[in-house]
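Here's coords_9.tsv, which has TSV, C-alpha atoms:
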```
chain	number	residue	atom	x	y	z
A	185	MET	CA	28.14	-51.96	34.57
A	186	GLY	CA	30.16	-54.51	32.64
A	187	ARG	CA	32.62	-53.57	29.95
A	188	GLY	CA	30.46	-55.30	27.36
A	189	GLU	CA	27.77	-52.68	27.81
A	190	TRP	CA	30.12	-50.13	26.30
A	191	SER	CA	31.29	-52.36	23.43
A	192	ARG	CA	29.11	-50.88	20.68
A	193	ARG	CA	30.11	-47.34	21.58
A	194	ARG	CA	33.78	-48.30	21.71
A	195	PHE	CA	33.36	-49.92	18.28
A	196	VAL	CA	31.84	-46.73	16.87
A	197	GLY	CA	34.74	-44.74	18.30
A	198	ALA	CA	37.30	-47.15	16.87
A	199	LEU	CA	35.77	-46.77	13.43
A	200	ALA	CA	36.09	-43.03	13.87
A	201	GLY	CA	39.83	-43.62	13.99
A	202	THR	CA	40.90	-41.54	16.98
A	203	ALA	CA	42.16	-42.55	20.39
A	204	THR	CA	39.83	-40.03	21.97
A	205	ALA	CA	36.71	-41.55	20.47
A	206	ALA	CA	37.86	-45.09	21.20
A	207	VAL	CA	38.17	-44.62	24.94
A	208	LEU	CA	34.77	-43.00	25.52
A	209	SER	CA	32.73	-45.15	27.86
A	210	SER	CA	29.59	-43.38	26.79
A	211	CYS	CA	26.98	-42.86	24.08
A	212	ASP	CA	28.14	-41.13	20.96
A	213	ASP	CA	28.68	-40.96	21.16
A	214	ALA	CA	24.74	-36.20	-2.44
A	215	GLY	CA	22.52	-37.08	-5.18
A	216	PRO	CA	20.89	-34.81	-7.77
A	217	GLU	CA	18.76	-31.94	-6.54
A	218	ALA	CA	15.05	-32.66	-6.35
A	219	PRO	CA	12.69	-30.04	-7.75
A	220	ARG	CA	12.03	-27.31	-5.24
A	221	THR	CA	8.57	-27.03	-3.76
A	222	PRO	CA	6.95	-24.10	-1.98
A	223	ARG	CA	6.89	-24.12	1.81
A	224	ALA	CA	3.12	-24.58	1.86
A	225	VAL	CA	2.22	-28.20	2.59
A	226	ALA	CA	0.41	-30.48	0.18
A	227	PRO	CA	-3.38	-30.12	0.41
A	228	GLU	CA	-4.99	-32.48	2.87
A	229	ALA	CA	-7.84	-32.38	5.31
A	230	GLY	CA	-7.22	-30.26	8.38
A	231	PRO	CA	-5.20	-27.12	8.97
A	232	THR	CA	-2.03	-26.44	7.02
A	233	THR	CA	1.40	-26.24	8.52
A	234	ALA	CA	1.26	-22.46	8.28
A	235	THR	CA	-1.63	-22.35	10.74
A	236	THR	CA	-0.45	-25.06	13.13
A	237	ALA	CA	3.23	-24.20	13.39
A	238	PRO	CA	4.41	-21.28	15.54
A	239	SER	CA	5.93	-18.31	13.75
A	240	PRO	CA	9.72	-18.07	13.92
A	241	SER	CA	11.09	-15.61	16.44
A	242	PRO	CA	12.36	-12.34	14.95
A	243	THR	CA	16.07	-12.42	14.22
A	244	PRO	CA	17.76	-10.82	17.25
A	245	SER	CA	20.42	-8.18	16.82
A	246	GLY	CA	23.86	-8.26	18.36
A	247	PRO	CA	25.79	-11.24	19.75
A	248	ARG	CA	23.88	-14.20	21.12
A	249	PRO	CA	25.19	-16.79	23.64
A	250	LEU	CA	26.30	-20.28	22.62
A	251	ALA	CA	27.01	-23.09	25.10
A	252	LEU	CA	29.31	-25.95	24.13
A	253	GLY	CA	29.45	-29.47	25.57
A	254	THR	CA	32.48	-31.75	25.51
A	255	TYR	CA	34.18	-34.71	27.14
A	256	THR	CA	36.64	-33.74	29.85
A	257	SER	CA	37.93	-37.24	30.67
A	258	VAL	CA	39.50	-37.98	27.28
A	259	GLU	CA	42.80	-37.01	25.73
A	260	ASN	CA	42.68	-33.51	24.21
A	261	GLY	CA	39.16	-33.03	25.50
A	262	GLY	CA	37.63	-29.89	26.93
A	263	THR	CA	37.87	-28.60	30.49
A	264	GLY	CA	34.17	-27.98	31.17
A	265	ILE	CA	31.21	-26.16	29.63
A	266	ALA	CA	32.54	-23.64	27.12
A	267	PHE	CA	30.71	-20.41	26.35
A	268	ALA	CA	30.90	-18.39	23.17
A	269	THR	CA	28.80	-15.87	21.27
A	270	TYR	CA	27.49	-15.94	17.72
A	271	ASP	CA	26.35	-13.20	15.38
A	272	ALA	CA	22.72	-13.93	14.51
A	273	GLY	CA	23.14	-12.40	11.07
A	274	THR	CA	26.48	-13.76	9.90
A	275	GLY	CA	26.82	-16.88	12.06
A	276	GLU	CA	30.33	-15.90	13.14
A	277	VAL	CA	31.28	-17.45	16.49
A	278	THR	CA	33.51	-15.65	19.01
A	279	ARG	CA	35.22	-17.47	21.83
A	280	GLY	CA	34.21	-16.81	25.45
A	281	GLY	CA	35.12	-18.34	28.80
A	282	THR	CA	34.87	-21.89	30.14
A	283	LEU	CA	33.13	-23.09	33.29
A	284	THR	CA	35.49	-25.70	34.69
A	285	GLY	CA	34.66	-28.31	37.28
A	286	VAL	CA	31.73	-29.83	35.35
A	287	GLY	CA	32.78	-33.33	34.32
A	288	ASP	CA	31.97	-34.70	30.85
A	289	PRO	CA	29.11	-32.26	30.05
A	290	SER	CA	28.23	-34.00	26.78
A	291	TYR	CA	24.63	-32.80	26.37
A	292	LEU	CA	23.05	-29.51	27.38
A	293	ALA	CA	19.51	-28.19	27.82
A	294	LEU	CA	18.01	-24.83	28.72
A	295	HIS	CA	15.25	-24.17	31.26
A	296	PRO	CA	12.11	-22.67	29.66
A	297	ASP	CA	12.67	-19.39	31.52
A	298	GLY	CA	16.16	-19.10	30.01
A	299	ARG	CA	17.91	-18.60	33.34
A	300	THR	CA	19.40	-22.06	34.01
A	301	LEU	CA	21.51	-24.41	31.88
A	302	TYR	CA	21.58	-28.15	32.56
A	303	ALA	CA	24.26	-30.67	31.62
A	304	VAL	CA	24.56	-34.42	31.85
A	305	ASN	CA	27.75	-35.72	33.43
A	306	GLU	CA	28.27	-38.65	31.09
A	307	ARG	CA	30.23	-40.98	33.32
A	308	GLU	CA	29.81	-44.53	34.54
A	309	LYS	CA	28.14	-43.13	37.66
A	310	GLY	CA	26.02	-40.54	35.92
A	311	ALA	CA	24.80	-37.19	37.19
A	312	VAL	CA	23.09	-34.01	36.05
A	313	THR	CA	24.32	-30.49	36.88
A	314	ALA	CA	22.57	-27.10	36.96
A	315	VAL	CA	24.31	-23.82	36.07
A	316	ARG	CA	22.83	-20.33	36.67
A	317	LEU	CA	23.55	-18.38	33.50
A	318	SER	CA	23.57	-14.88	34.97
A	319	ASP	CA	26.84	-15.51	36.81
A	320	ARG	CA	27.66	-19.06	35.64
A	321	ALA	CA	27.41	-20.40	39.15
A	322	VAL	CA	27.02	-24.15	39.57
A	323	LEU	CA	23.80	-24.80	41.51
A	324	GLY	CA	24.71	-28.41	42.26
A	325	SER	CA	24.61	-31.91	40.80
A	326	ARG	CA	22.45	-34.97	41.41
A	327	SER	CA	22.93	-38.63	40.57
A	328	THR	CA	20.81	-39.96	37.71
A	329	GLY	CA	20.81	-43.41	39.28
A	330	GLY	CA	22.30	-44.93	36.14
A	331	GLY	CA	25.33	-44.95	33.89
A	332	ALA	CA	26.44	-42.69	31.05
A	333	PRO	CA	23.51	-40.27	30.86
A	334	CYS	CA	23.60	-38.90	27.31
A	335	HIS	CA	20.45	-36.76	27.02
A	336	LEU	CA	18.36	-34.46	29.20
A	337	SER	CA	15.45	-32.08	28.74
A	338	VAL	CA	13.24	-29.89	30.87
A	339	HIS	CA	9.51	-30.47	31.12
A	340	PRO	CA	7.66	-27.45	29.64
A	341	GLY	CA	6.26	-26.53	33.06
A	342	GLY	CA	9.82	-25.97	34.27
A	343	ARG	CA	9.45	-28.11	37.39
A	344	TRP	CA	10.96	-31.43	36.24
A	345	LEU	CA	14.27	-32.44	34.67
A	346	LEU	CA	14.25	-35.58	32.49
A	347	SER	CA	17.39	-37.59	31.70
A	348	ALA	CA	18.27	-40.79	29.82
A	349	ASN	CA	20.96	-43.20	31.03
A	350	TYR	CA	22.50	-44.96	28.04
A	351	GLY	CA	24.58	-47.39	30.11
A	352	ASP	CA	21.76	-49.32	31.77
A	353	GLY	CA	18.73	-48.23	29.78
A	354	SER	CA	16.97	-46.17	32.43
A	355	VAL	CA	15.23	-42.80	32.55
A	356	ALA	CA	15.21	-40.46	35.53
A	357	VAL	CA	13.07	-37.58	36.79
A	358	HIS	CA	14.38	-34.84	39.10
A	359	PRO	CA	12.43	-31.92	40.59
A	360	LEU	CA	13.57	-28.35	39.94
A	361	ASP	CA	13.04	-25.59	42.47
A	362	ALA	CA	12.27	-21.94	41.77
A	363	SER	CA	15.97	-21.10	41.45
A	364	GLY	CA	16.51	-23.82	38.85
A	365	ALA	CA	18.45	-26.07	41.24
A	366	ILE	CA	17.98	-29.83	40.99
A	367	GLY	CA	16.36	-31.80	43.83
A	368	GLU	CA	16.67	-35.44	44.82
A	369	ARG	CA	15.57	-37.88	42.13
A	370	ALA	CA	11.80	-38.45	42.09
A	371	ASP	CA	11.72	-41.56	39.90
A	372	LEU	CA	13.92	-43.97	37.96
A	373	VAL	CA	12.58	-46.53	35.48
A	374	THR	CA	14.72	-49.16	33.74
A	375	HIS	CA	13.59	-50.56	30.41
A	376	SER	CA	13.25	-54.30	30.98
A	377	ALA	CA	11.06	-55.32	28.03
A	378	PRO	CA	11.15	-56.11	25.19
A	379	GLU	CA	14.39	-58.06	24.88
A	380	PRO	CA	17.41	-56.26	23.39
A	381	GLY	CA	17.55	-56.06	19.62
A	382	PRO	CA	20.08	-57.79	17.34
A	383	GLY	CA	23.66	-57.07	18.37
A	384	GLN	CA	22.62	-55.38	21.64
A	385	GLU	CA	23.47	-56.63	25.13
A	386	GLY	CA	20.81	-54.64	26.96
A	387	PRO	CA	18.62	-51.54	26.92
A	388	HIS	CA	20.27	-48.20	26.06
A	389	ALA	CA	18.07	-45.18	26.69
A	390	HIS	CA	19.19	-42.44	24.36
A	391	GLN	CA	16.65	-39.63	24.74
A	392	PHE	CA	13.85	-38.51	27.08
A	393	VAL	CA	11.54	-35.71	25.92
A	394	THR	CA	8.06	-34.25	26.38
A	395	SER	CA	5.51	-34.30	23.56
A	396	PRO	CA	4.50	-30.85	22.22
A	397	ASP	CA	1.08	-31.08	23.83
A	398	GLY	CA	2.76	-31.72	27.19
A	399	GLY	CA	0.65	-34.78	27.88
A	400	HIS	CA	3.27	-37.50	27.57
A	401	LEU	CA	6.99	-38.21	27.88
A	402	LEU	CA	8.76	-40.29	25.25
A	403	ALA	CA	11.93	-42.28	25.82
A	404	VAL	CA	13.91	-43.57	22.85
A	405	ASP	CA	15.85	-46.78	23.56
A	406	LEU	CA	18.47	-47.88	21.04
A	407	GLY	CA	19.06	-51.24	22.75
A	408	THR	CA	15.47	-52.48	22.69
A	409	ASP	CA	14.42	-50.88	19.37
A	410	THR	CA	11.57	-49.21	21.24
A	411	VAL	CA	10.09	-45.79	21.97
A	412	TYR	CA	8.37	-45.86	25.39
A	413	THR	CA	5.53	-43.47	26.26
A	414	TYR	CA	5.00	-42.38	29.88
A	415	ARG	CA	2.62	-40.19	31.76
A	416	LEU	CA	4.20	-37.91	34.35
A	417	ASP	CA	2.48	-37.20	37.63
A	418	GLU	CA	3.34	-33.51	37.84
A	419	ARG	CA	2.71	-33.51	41.57
A	420	THR	CA	5.05	-36.38	42.52
A	421	GLY	CA	7.32	-36.81	39.49
A	422	LYS	CA	6.37	-40.49	39.16
A	423	LEU	CA	6.23	-42.17	35.75
A	424	THR	CA	3.57	-44.55	34.43
A	425	GLN	CA	4.23	-46.37	31.16
A	426	VAL	CA	1.24	-46.20	28.80
A	427	ALA	CA	2.53	-47.42	25.43
A	428	GLN	CA	5.44	-48.88	23.46
A	429	ALA	CA	6.27	-48.40	19.79
A	430	HIS	CA	8.70	-50.80	18.13
A	431	THR	CA	11.00	-50.17	15.18
A	432	ARG	CA	12.06	-52.97	12.90
A	433	PRO	CA	14.59	-55.23	14.67
A	434	GLY	CA	18.10	-53.83	14.67
A	435	ALA	CA	17.13	-50.29	13.67
A	436	GLY	CA	18.70	-48.79	16.79
A	437	PRO	CA	16.49	-45.72	17.32
A	438	ARG	CA	18.47	-42.81	18.72
A	439	HIS	CA	16.66	-39.48	18.48
A	440	LEU	CA	13.04	-38.34	18.05
A	441	THR	CA	12.06	-34.84	16.90
A	442	PHE	CA	8.49	-33.55	16.71
A	443	HIS	CA	7.00	-31.47	13.93
A	444	PRO	CA	5.74	-28.12	15.29
A	445	GLY	CA	2.15	-29.16	14.51
A	446	GLY	CA	2.44	-31.87	17.19
A	447	ARG	CA	0.85	-34.75	15.28
A	448	TYR	CA	4.00	-36.20	13.69
A	449	ALA	CA	7.55	-36.89	14.73
A	450	TYR	CA	10.70	-38.05	12.96
A	451	LEU	CA	12.92	-40.84	14.26
A	452	ALA	CA	16.64	-41.22	13.47
A	453	ASN	CA	17.73	-44.87	13.53
A	454	GLU	CA	21.44	-45.04	14.23
A	455	VAL	CA	22.23	-48.68	13.57
A	456	ASP	CA	20.46	-49.34	10.25
A	457	ASN	CA	21.04	-45.83	8.83
A	458	THR	CA	17.38	-44.88	8.30
A	459	VAL	CA	14.77	-42.36	9.39
A	460	ALA	CA	11.04	-42.88	9.91
A	461	VAL	CA	7.97	-40.66	10.09
A	462	CYS	CA	5.86	-41.37	13.19
A	463	ALA	CA	2.24	-40.47	13.86
A	464	TYR	CA	1.51	-39.33	17.42
A	465	ASP	CA	-1.86	-39.75	19.15
A	466	THR	CA	-2.27	-36.93	21.65
A	467	ASP	CA	-5.00	-38.76	23.59
A	468	THR	CA	-3.20	-42.06	24.20
A	469	GLY	CA	0.42	-41.02	23.69
A	470	ARG	CA	0.84	-43.87	21.27
A	471	LEU	CA	3.45	-43.46	18.56
A	472	SER	CA	2.98	-45.28	15.23
A	473	ILE	CA	6.33	-45.72	13.49
A	474	GLY	CA	6.25	-45.60	9.69
A	475	ALA	CA	8.40	-47.28	7.08
A	476	ALA	CA	12.16	-46.87	7.07
A	477	GLN	CA	13.40	-44.12	4.73
A	478	SER	CA	16.77	-43.31	3.22
A	479	THR	CA	19.22	-40.86	4.75
A	480	GLY	CA	20.72	-40.20	1.31
A	481	THR	CA	24.14	-41.42	2.43
A	482	GLY	CA	24.29	-44.69	0.52
A	483	SER	CA	24.69	-48.20	1.87
A	484	GLY	CA	27.73	-47.64	4.07
A	485	THR	CA	27.81	-47.16	7.82
A	486	SER	CA	26.74	-43.63	8.67
A	487	TYR	CA	25.43	-43.58	12.26
A	488	PRO	CA	22.74	-40.89	11.85
A	489	ALA	CA	22.68	-38.89	15.04
A	490	GLN	CA	19.98	-36.23	15.32
A	491	LEU	CA	17.11	-34.60	13.43
A	492	VAL	CA	15.95	-31.00	13.73
A	493	VAL	CA	12.93	-29.30	12.16
A	494	THR	CA	12.67	-25.62	11.19
A	495	PRO	CA	10.32	-23.55	13.37
A	496	ASP	CA	7.74	-23.26	10.58
A	497	GLY	CA	7.82	-27.02	9.96
A	498	GLY	CA	8.95	-26.69	6.34
A	499	PHE	CA	12.27	-28.56	6.41
A	500	ALA	CA	14.10	-31.19	8.44
A	501	TYR	CA	17.83	-31.85	8.74
A	502	LEU	CA	19.69	-34.99	9.80
A	503	ALA	CA	23.30	-35.26	11.01
A	504	ASN	CA	25.21	-38.22	9.53
A	505	ARG	CA	28.39	-38.98	11.45
A	506	GLY	CA	30.01	-41.62	9.23
A	507	HIS	CA	29.12	-39.75	6.03
A	508	ASN	CA	30.07	-36.40	7.60
A	509	SER	CA	27.05	-34.73	6.06
A	510	LEU	CA	23.70	-33.11	6.73
A	511	THR	CA	20.64	-34.48	4.95
A	512	ARG	CA	17.95	-32.00	3.91
A	513	TYR	CA	14.31	-33.10	3.75
A	514	ALA	CA	11.21	-31.23	2.64
A	515	VAL	CA	8.39	-31.72	5.14
A	516	GLU	CA	5.06	-32.25	3.40
A	517	ALA	CA	1.39	-33.09	4.10
A	518	ASP	CA	1.17	-31.24	7.42
A	519	GLY	CA	4.21	-33.14	8.67
A	520	ALA	CA	3.13	-36.61	7.50
A	521	ARG	CA	5.83	-36.96	4.83
A	522	LEU	CA	9.57	-36.40	4.52
A	523	ARG	CA	10.94	-35.97	1.01
A	524	LEU	CA	14.68	-36.40	0.61
A	525	LEU	CA	16.26	-33.44	-1.16
A	526	ASP	CA	20.04	-33.74	-0.81
A	527	THR	CA	23.03	-34.04	1.49
A	528	VAL	CA	25.72	-31.41	2.06
A	529	PRO	CA	29.19	-31.83	3.61
A	530	VAL	CA	29.25	-30.79	7.25
A	531	ALA	CA	32.75	-29.26	6.98
A	532	GLY	CA	33.84	-31.31	9.98
A	533	ASP	CA	34.30	-34.86	11.19
A	534	PHE	CA	31.66	-36.93	13.03
A	535	PRO	CA	28.73	-34.48	13.58
A	536	ARG	CA	27.44	-35.70	16.91
A	537	GLN	CA	24.68	-33.12	17.46
A	538	ILE	CA	22.93	-30.33	15.57
A	539	ALA	CA	20.72	-27.43	16.67
A	540	LEU	CA	18.89	-24.52	15.08
A	541	SER	CA	19.10	-20.99	16.40
A	542	PRO	CA	15.86	-19.87	18.09
A	543	ASP	CA	14.75	-18.00	14.97
A	544	GLY	CA	15.67	-20.92	12.68
A	545	THR	CA	18.04	-18.92	10.47
A	546	LEU	CA	21.24	-20.73	11.53
A	547	LEU	CA	22.13	-24.39	12.01
A	548	PHE	CA	24.99	-25.45	14.32
A	549	ALA	CA	26.75	-28.82	13.99
A	550	ALA	CA	29.06	-30.10	16.76
A	551	ASN	CA	31.77	-32.23	15.13
A	552	GLN	CA	33.26	-34.59	17.69
A	553	ARG	CA	36.34	-35.93	15.88
A	554	SER	CA	37.50	-32.68	14.32
A	555	GLY	CA	36.78	-30.64	17.45
A	556	THR	CA	34.86	-27.98	15.55
A	557	VAL	CA	31.44	-26.38	15.32
A	558	SER	CA	30.16	-25.70	11.79
A	559	VAL	CA	27.57	-22.96	11.33
A	560	PHE	CA	25.24	-22.86	8.33
A	561	ARG	CA	22.82	-20.20	7.14
A	562	VAL	CA	19.37	-21.66	6.45
A	563	ASP	CA	17.58	-20.30	3.38
A	564	ALA	CA	13.99	-19.52	4.38
A	565	ASP	CA	12.46	-20.51	1.04
A	566	SER	CA	14.41	-23.56	-0.09
A	567	GLY	CA	15.89	-24.82	3.17
A	568	ARG	CA	19.31	-24.85	1.53
A	569	LEU	CA	22.32	-24.74	3.86
A	570	ARG	CA	25.26	-22.44	3.21
A	571	LEU	CA	28.38	-22.61	5.35
A	572	ALA	CA	28.88	-19.40	7.31
A	573	GLY	CA	32.67	-19.03	7.35
A	574	ARG	CA	35.28	-21.35	8.79
A	575	PRO	CA	34.19	-23.83	11.49
A	576	PHE	CA	34.84	-22.72	15.07
A	577	ALA	CA	37.43	-24.74	17.02
A	578	SER	CA	36.12	-26.40	20.21
A	579	PRO	CA	37.83	-29.45	21.78
A	580	VAL	CA	35.86	-32.70	21.28
A	581	ALA	CA	32.73	-30.77	20.38
A	582	VAL	CA	29.73	-32.96	21.14
A	583	CYS	CA	27.01	-30.38	21.76
A	584	ALA	CA	26.42	-26.82	20.54
A	585	LEU	CA	23.40	-25.09	22.08
A	586	PRO	CA	22.48	-21.61	20.81
A	587	LEU	CA	20.69	-19.75	23.60
```

Let's see the structure in the file written out as structure tokens.
Amino acid sequence: MGRGEWSRRRFVGALAGTATAAVLSSCDDAGPEAPRTPRAVAPEAGPTTATTAPSPSPTPSGPRPLALGTYTSVENGGTGIAFATYDAGTGEVTRGGTLTGVGDPSYLALHPDGRTLYAVNEREKGAVTAVRLSDRAVLGSRSTGGGAPCHLSVHPGGRWLLSANYGDGSVAVHPLDASGAIGERADLVTHSAPEPGPGQEGPHAHQFVTSPDGGHLLAVDLGTDTVYTYRLDERTGKLTQVAQAHTRPGAGPRHLTFHPGGRYAYLANEVDNTVAVCAYDTDTGRLSIGAAQSTGTGSGTSYPAQLVVTPDGGFAYLANRGHNSLTRYAVEADGARLRLLDTVPVAGDFPRQIALSPDGTLLFAANQRSGTVSVFRVDADSGRLRLAGRPFASPVAVCALPL
């Protein structure tokens, strides 16, 4: 890969103002309160959110595990995958050990059975690594066939690992055996059309996920301003493209998150600082991208990173790296509308990734520049966020995954 393919990411890091961010050859990387509304969705035809969304898991007691991703190849970076615990009631995080020997584990994902953790190795020659959680043994690594993989997920059936290579705009599929170990790559597809968007030198795959119904895989590509839909042959692991959805030119789509009801998704556009509501057709896999909406951060550069939705589908949150804030949205009309409520300071610098605890009562924000993880309590009725103590120190924190 040429150096120019990293130029946008290097520019983002330079704006962040730290030497660490500037050298990453990888993907990165409030107004007045609106009137509160009840969690019930606005009346429309069809079932309400309360009947389509799964119930939140009961709040567990005792400490819960937390896995932390970082960059190991930068100054003052981490040394591998860090492990900690968090109190499900208070949100307090307690330091644990670190699994060394896993290079640049910048994004993490959990197998559906909860026994295996997966990490991308975000390097120019990218790879994915499997870790058995019971004893933290590394089960091996496999090449992704591309550069700078920055996202991975596990197919709901537990037999396929999906990864996105930012560097060359490709997506990969690997088989998983019964132990959770990764097999030789089954398929690799590079996004060759449409042409790159304004200011982009090529495709940059940023995310690869399965739709809630399990029928399609969706790949978000920042470089081509496109979300690609694939069908997966669950016998061979081969991909067949069935649809494309295009944002407005120069939007730079980064991350797609589905509403629990499965008919709508929300798209964070990194380059033009917007979000969009998308309708999803379960039969065809086609995504229809709606109008661009505000992030509530003003007209400056903010680099929105990731959206999450509460388990009951009532609220959505967006991480804004430049603004160092979290945007709160009310989700309405069975998932068809986002209503901007407010933004709150993230209590850190450059929130690269956010995640909700399994029961939805806590929100974790990994702050790359400040090397911290902020934890917020989520109010069940209003969706308001309240900081749960001082942020937890974690070198170059780029992913926080509550398990």

#### Entry: Proximity to A:Gly280 - best of A:His295, A:Val338, A:Ser578, A:Arg570, only C-alpha atoms
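Closest residue, counting only C-alpha atoms: A:Ser578.
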
### Message
Residues within 12 Å of A:Gly555, please, as number ranges by chain. Count all atoms listed in the file; anything in the same chain fewer than 2 positions from it doesn't count.
### Response
A: 202, 204-205, 252-255, 260-262, 531-536, 549-553, 557-558, 575-584

### Query
Any idea what the distance is between atom CA of A:Val315 and atom CA of A:Thr256?
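Separation between atom CA of A:Val315 and atom CA of A:Thr256: 17.0 Å.
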
Go through stretch 315-409 of chain A residue by residue and, counting all atoms listed in the file, keep those with an atom at most 8 Å from stretch 444-466 of chain A; for each kept residue give the shortest atom pair and its distance in Å to one decimal, ordered by chain and increasing number, as a tab-separated table.
```
residue	atom	partner	partner_atom	distance
A:Ser395	CA	A:Gly446	CA	7.5
A:Pro396	CA	A:Gly446	CA	5.5
A:Asp397	CA	A:Gly446	CA	6.8
A:Gly399	CA	A:Thr466	CA	7.2
A:Leu406	CA	A:Glu454	CA	8.0
```

### Query
What lies within 6 Å of stretch 345-355 of chain A using only C-alpha atoms, ignoring chain neighbours under 5 positions off, as a PyMOL selection string?
chain A and resi 330-333+335-338+372-375+387-392

### Task
For each of A:Arg470, A:Arg343, A:His400, A:Arg248, take the minimum atom-to-atom distance to A:Arg419, counting all atoms listed in the file, then give the residue where this is smallest.
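Between A:Arg470, A:Arg343, A:His400, A:Arg248, the residue approaching A:Arg419 most closely is A:Arg343.
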
### Query
What is the distance, in Å and to one decimal place, between atom CA of A:Gly342 and atom CA of A:Glu418?
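Between these atoms lies a distance of 10.6 Å.
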
### Query
Which is closer to A:His430 than all the others in A:Gly567, A:Gly480, A:Pro378, A:Gly544, using all atoms listed in the file?
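For A:His430, the nearest of the given residues is A:Pro378.
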
### Atomic separation - atom CA of A:Val312 relative to atom CA of A:Arg326, Å
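So the answer is 5.5 Å.
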
#### Entry: Nearest residue to A:Asn504 from the set A:Pro340, A:Gly484, A:Gly421, A:Gly324 (distances using all atoms listed in the file)
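Comparing A:Pro340, A:Gly484, A:Gly421, A:Gly324 against A:Asn504, the winner is A:Gly484.
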
### Task
Rank A:Leu587, A:Val286, A:Leu323, A:Ala370 by their smallest atom-to-atom distance to A:Thr420, using all atoms listed in the file, and report the top residue only.
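Of the candidates, the smallest distance to A:Thr420 is held by A:Ala370.
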
#### Entry: Nearest-residue call for A:Phe548, choices A:Arg568, A:Arg432, A:Arg561, A:His507, using all atoms listed in the file
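The closest residue to A:Phe548 is A:Arg561.
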
### Task
Please work out which residues fall within 12 Å of (22.2, -35.7, 6.3), coordinates as given in the file, with all atoms listed in the file counting, and return them as a ChimeraX atom specification.
/A:214-215,452,457-459,478-482,486-492,500-513,524-530,534-538,549,569

### Message
Report as a list in words all protein, DNA and RNA residues lying within 7 Å of A:Val393, evaluated on only C-alpha atoms, omitting residues in the same chain fewer than 5 positions from it.
### Response
Ser337, Leu401, Leu402 and Ala403 of chain A

Take the selection from the previous step and output its residues with C-alpha atoms, as a short mmCIF file (atom, residue, chain, number, x, y, z; two decimals), in the coordinates of the input.
```cif
data_model
loop_
_atom_site.label_atom_id
_atom_site.label_comp_id
_atom_site.auth_asym_id
_atom_site.auth_seq_id
_atom_site.Cartn_x
_atom_site.Cartn_y
_atom_site.Cartn_z
CA SER A 337 15.45 -32.08 28.74
CA LEU A 401 6.99 -38.21 27.88
CA LEU A 402 8.76 -40.29 25.25
CA ALA A 403 11.93 -42.28 25.82
#
```

### Message
Report as a PyMOL selection string all protein, DNA and RNA residues lying within 6 Å of A:Pro359, evaluated on all atoms listed in the file, omitting residues in the same chain fewer than 5 positions from it.
### Response
chain A and resi 343-344+366-367

Dump C-alpha atoms for the selected residues as a PDB file, keeping the file's coordinate frame?
```
ATOM      1  CA  ARG A 343       9.450 -28.110  37.390  1.00  0.00           C
ATOM      2  CA  TRP A 344      10.960 -31.430  36.240  1.00  0.00           C
ATOM      3  CA  ILE A 366      17.980 -29.830  40.990  1.00  0.00           C
ATOM      4  CA  GLY A 367      16.360 -31.800  43.830  1.00  0.00           C
TER       5      GLY A 367
END
```

### Point (12.5, -21.9, 29.7), cut-off 10 Å, counting all atoms listed in the file, residues as a ChimeraX atom specification
/A:293-301,338-342
